[in-house]
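As provided, entry.txt (compact mmCIF, C-alpha atoms) reads as follows.
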```
# COMPACT_ATOMS: atom_id res chain seq x y z
CA ASP A 1 14.99 32.77 -16.21
CA ASP A 2 12.85 30.88 -13.67
CA LEU A 3 11.36 28.72 -16.41
CA ARG A 4 14.77 27.90 -17.86
CA SER A 5 16.29 27.05 -14.49
CA CYS A 6 13.27 24.95 -13.55
CA CYS A 7 13.47 23.02 -16.85
CA ALA A 8 17.19 22.48 -16.31
CA ALA A 9 16.45 21.11 -12.83
CA VAL A 10 13.78 18.75 -14.24
CA VAL A 11 16.11 17.40 -16.91
CA ALA A 12 18.94 16.99 -14.39
CA ALA A 13 16.68 15.17 -11.91
CA ALA A 14 15.26 12.93 -14.64
CA GLY A 15 18.80 12.11 -15.76
CA ARG A 16 19.85 11.18 -12.23
CA LEU A 17 16.72 9.07 -11.72
CA ALA A 18 16.91 7.31 -15.08
CA GLY A 19 20.17 5.59 -14.27
CA PRO A 20 23.43 5.19 -16.13
CA ALA A 21 22.02 5.76 -19.62
CA SER A 22 20.19 8.91 -18.45
CA GLU A 23 17.37 8.16 -20.87
CA ALA A 24 13.76 8.49 -19.82
CA ASP A 25 10.31 9.46 -21.00
CA LEU A 26 9.09 12.61 -19.25
CA LEU A 27 5.37 12.78 -18.52
CA PHE A 28 4.19 16.16 -17.28
CA VAL A 29 1.25 15.48 -14.96
CA GLY A 30 -1.84 17.66 -15.27
CA ARG A 31 -1.92 21.30 -16.26
CA SER A 32 0.52 22.73 -13.73
CA PRO A 33 3.74 21.85 -15.58
CA GLU A 34 2.42 22.65 -19.10
CA SER A 35 4.75 25.63 -19.50
CA LEU A 36 7.72 23.38 -18.68
CA PHE A 37 6.53 20.85 -21.25
CA ASP A 38 6.05 23.55 -23.90
CA TYR A 39 9.48 25.04 -23.28
CA LEU A 40 11.30 21.69 -23.31
CA ARG A 41 9.37 20.51 -26.35
CA GLY A 42 10.56 23.58 -28.23
CA LEU A 43 14.15 23.02 -27.12
CA CYS A 44 14.04 19.34 -28.06
CA ARG A 45 12.38 19.79 -31.44
CA GLY A 46 14.24 17.78 -34.05
CA THR A 47 16.17 15.75 -31.45
CA ALA A 48 15.76 12.21 -30.15
CA TRP A 49 14.22 13.69 -26.99
CA ALA A 50 11.24 15.21 -28.85
CA GLY A 51 9.34 11.91 -28.77
CA ARG A 52 10.02 11.38 -25.07
CA LEU A 53 8.06 14.37 -23.79
CA HIS A 54 4.36 13.91 -23.06
CA VAL A 55 1.57 15.62 -21.17
CA LEU A 56 -0.30 13.22 -18.90
CA HIS A 57 -3.82 14.57 -18.54
CA PHE A 58 -4.32 13.39 -14.98
CA SER A 59 -5.20 15.15 -11.76
CA MET A 60 -6.56 13.38 -8.72
CA ARG A 61 -6.18 15.22 -5.46
CA GLY A 62 -7.54 14.04 -2.16
CA ASP A 63 -7.93 10.57 -0.74
CA VAL A 64 -9.50 8.88 -3.77
CA THR A 65 -9.50 5.13 -4.28
CA ALA A 66 -10.08 3.08 -7.42
CA ARG A 67 -13.23 1.76 -5.72
CA HIS A 68 -14.53 5.32 -5.28
CA VAL A 69 -13.82 6.16 -8.93
CA ARG A 70 -15.53 2.94 -10.07
CA ARG A 71 -18.61 3.76 -7.95
CA ALA A 72 -18.85 7.49 -8.72
CA HIS A 73 -17.82 7.27 -12.39
CA PRO A 74 -18.54 3.72 -13.63
CA ALA A 75 -16.81 4.11 -17.01
CA GLY A 76 -14.14 6.47 -15.66
CA LEU A 77 -11.61 3.92 -14.45
CA ALA A 78 -11.82 1.92 -17.68
CA ALA A 79 -11.38 5.11 -19.73
CA LEU A 80 -8.43 6.18 -17.59
CA ARG A 81 -6.79 2.79 -17.99
CA GLY A 82 -7.35 2.92 -21.76
CA TYR A 83 -5.68 6.32 -21.85
CA PHE A 84 -2.75 5.10 -19.73
CA ALA A 85 -2.38 2.03 -21.98
CA ALA A 86 -2.18 4.29 -25.05
CA LEU A 87 0.77 6.03 -23.35
CA GLY A 88 2.46 2.74 -22.50
CA LEU A 89 1.60 2.95 -18.81
CA ASP A 90 -0.40 -0.29 -18.51
CA PRO A 91 1.07 -3.04 -16.31
CA ALA A 92 2.66 -5.10 -19.11
CA SER A 93 4.17 -2.00 -20.74
CA LEU A 94 5.52 -0.67 -17.44
CA VAL A 95 7.32 -3.96 -16.81
CA ALA A 96 8.78 -4.10 -20.34
CA ARG A 97 9.60 -0.40 -20.82
CA PRO A 98 12.96 0.23 -22.48
CA ARG A 99 13.38 3.42 -20.41
CA PRO A 100 11.76 4.72 -17.22
CA ALA A 101 8.62 6.83 -17.14
CA VAL A 102 9.46 9.96 -15.16
CA PHE A 103 6.35 11.75 -13.92
CA VAL A 104 6.89 15.48 -13.39
CA ASP A 105 4.48 17.68 -11.44
CA LEU A 106 4.35 20.82 -9.37
CA VAL A 107 3.71 19.45 -5.91
CA CYS A 108 1.95 20.95 -2.94
CA ASN A 109 1.46 17.88 -0.78
CA GLY A 110 1.89 14.90 -3.12
CA GLU A 111 -1.75 13.75 -3.32
CA THR A 112 -1.81 13.46 -7.12
CA PHE A 113 1.42 11.43 -7.14
CA ASP A 114 0.08 9.27 -4.30
CA ASN A 115 -3.14 8.55 -6.20
CA LEU A 116 -1.30 7.95 -9.47
CA VAL A 117 1.04 5.42 -7.88
CA ARG A 118 -1.85 3.70 -6.07
CA LEU A 119 -3.81 3.40 -9.35
CA LEU A 120 -0.81 1.97 -11.21
CA ARG A 121 -0.03 -0.44 -8.37
CA GLY A 122 -3.65 -1.58 -8.05
CA TRP A 123 -3.87 -2.17 -11.79
CA CYS A 124 -0.70 -4.28 -11.69
CA VAL A 125 -2.09 -6.35 -8.81
CA GLU A 126 -5.43 -6.85 -10.63
CA ARG A 127 -3.65 -8.00 -13.80
CA GLY A 128 -1.23 -10.26 -11.95
CA ALA A 129 1.75 -8.18 -13.11
CA CYS A 130 4.68 -7.86 -10.74
CA TRP A 131 4.43 -4.39 -9.21
CA HIS A 132 8.06 -4.56 -8.08
CA ALA A 133 9.16 -5.05 -11.69
CA ALA A 134 6.83 -2.30 -12.95
CA ARG A 135 7.89 0.23 -10.32
CA ARG A 136 11.51 -0.04 -11.44
CA ASN A 137 10.38 1.94 -14.48
CA VAL A 138 8.42 4.59 -12.56
CA ARG A 139 10.09 7.74 -11.24
CA LEU A 140 8.65 10.89 -9.65
CA VAL A 141 10.02 14.42 -9.96
CA GLY A 142 8.16 16.78 -7.67
CA LEU A 143 8.74 20.49 -8.15
CA THR A 144 8.12 22.50 -5.01
CA GLU A 145 8.42 26.03 -3.80
CA ARG A 146 11.85 26.65 -2.35
CA GLU A 147 11.84 26.30 1.43
CA PRO A 148 14.58 26.52 4.01
CA LYS A 149 16.63 23.35 4.31
CA GLY A 150 17.06 21.67 7.61
CA PRO A 151 15.19 19.43 9.99
CA GLY A 152 12.23 21.81 10.34
CA GLY A 153 11.54 22.11 6.60
CA ARG A 154 8.40 20.49 5.18
CA ARG A 155 9.02 17.75 2.62
CA TRP A 156 6.09 16.57 0.47
CA HIS A 157 7.65 13.17 -0.18
CA ARG A 158 7.84 12.51 3.55
CA GLN A 159 4.42 13.93 4.33
CA ASN A 160 2.26 11.63 2.17
CA ARG A 161 4.91 9.06 1.38
CA PRO A 162 3.92 8.28 -2.23
CA SER A 163 7.18 6.38 -2.52
CA ALA A 164 5.99 4.10 0.29
CA HIS A 165 3.45 2.69 -2.14
CA MET A 166 6.21 2.06 -4.60
```
Take the structure in this file and express it as structure tokens.
Amino acid sequence: DDLRSCCAAVVAAAGRLAGPASEADLLFVGRSPESLFDYLRGLCRGTAWAGRLHVLHFSMRGDVTARHVRRAHPAGLAALRGYFAALGLDPASLVARPRPAVFVDLVCNGETFDNLVRLLRGWCVERGACWHAARRNVRLVGLTEREPKGPGGRRWHRQNRPSAHM
């Protein structure tokens, strides 16, 4: 029941974020949301949505910069960019996407989303692509543990502000 309700919440959030057509590509970030991906992929088998679900093998917690990755893993950033390009997440593809890329992850504090957005933004800047145009096709759905609502509740999107980089 929890898995079904969580998947329903993901699809509903992606639909709201995608805009009037409610069409998007869902990219499940890292290993945490794999069960959601598996469940939705089974439900969507044989439908137009089947080709819109992807696992994004990416996890980068902590304060990590592209410069650090380049220094610590010289071929790592190029390999990561090649992988992103194969998924249509390179700067030119992000700008020209027919539907938004909705990144879905289980979020503790938003570090992976923050690093993902910083990498995409930095790549756009390096390539001379308009980040503002690319970010129109980037959405984030963060799944969190239920906490009390109200002014005292912790909110991951306010804590690290990944959207501030967008």
So how far away is CA of Met60 (chain A) from CA of Asp38 (chain A), in Å? 22.2 Å
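Going from CA of Asp25 (chain A) over to CA of Ala75 (chain A), you cover 27.9 Å.
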Find the spatial neighbours of Ser32 (chain A), counting all atoms listed in the file, within a cut-off of 10 Å - ignore same-chain residues fewer than 4 positions away - and output them as a list in words. Phe28, Leu36, Phe37, Ser59, Val104, Asp105, Leu106 and Val107 of chain A
Check which residues of region 49-107 of chain A sit at most 9 Å from region 134-140 of chain A using only C-alpha atoms, and return one row each with the closest pair of atoms and their distance in Å to one decimal, ordered by chain and rising number, as JSON lines.
```
{"residue": "A:Pro91", "atom": "CA", "partner": "A:Ala134", "partner_atom": "CA", "distance": 6.7}
{"residue": "A:Ala92", "atom": "CA", "partner": "A:Ala134", "partner_atom": "CA", "distance": 7.9}
{"residue": "A:Ser93", "atom": "CA", "partner": "A:Ala134", "partner_atom": "CA", "distance": 8.2}
{"residue": "A:Leu94", "atom": "CA", "partner": "A:Ala134", "partner_atom": "CA", "distance": 5.0}
{"residue": "A:Val95", "atom": "CA", "partner": "A:Ala134", "partner_atom": "CA", "distance": 4.2}
{"residue": "A:Ala96", "atom": "CA", "partner": "A:Ala134", "partner_atom": "CA", "distance": 7.9}
{"residue": "A:Arg97", "atom": "CA", "partner": "A:Asn137", "partner_atom": "CA", "distance": 6.8}
{"residue": "A:Pro98", "atom": "CA", "partner": "A:Asn137", "partner_atom": "CA", "distance": 8.6}
{"residue": "A:Arg99", "atom": "CA", "partner": "A:Asn137", "partner_atom": "CA", "distance": 6.8}
{"residue": "A:Pro100", "atom": "CA", "partner": "A:Asn137", "partner_atom": "CA", "distance": 4.1}
{"residue": "A:Ala101", "atom": "CA", "partner": "A:Val138", "partner_atom": "CA", "distance": 5.1}
{"residue": "A:Val102", "atom": "CA", "partner": "A:Arg139", "partner_atom": "CA", "distance": 4.5}
{"residue": "A:Phe103", "atom": "CA", "partner": "A:Leu140", "partner_atom": "CA", "distance": 4.9}
{"residue": "A:Val104", "atom": "CA", "partner": "A:Leu140", "partner_atom": "CA", "distance": 6.2}
{"residue": "A:Asp105", "atom": "CA", "partner": "A:Leu140", "partner_atom": "CA", "distance": 8.2}
```
Which polymer residues have any atom within 9 Å of an atom of Asn115 (chain A), counting only C-alpha atoms, with same-chain residues fewer than 5 positions away left out, as a PyMOL selection string? chain A and resi 59-66+110+120+162
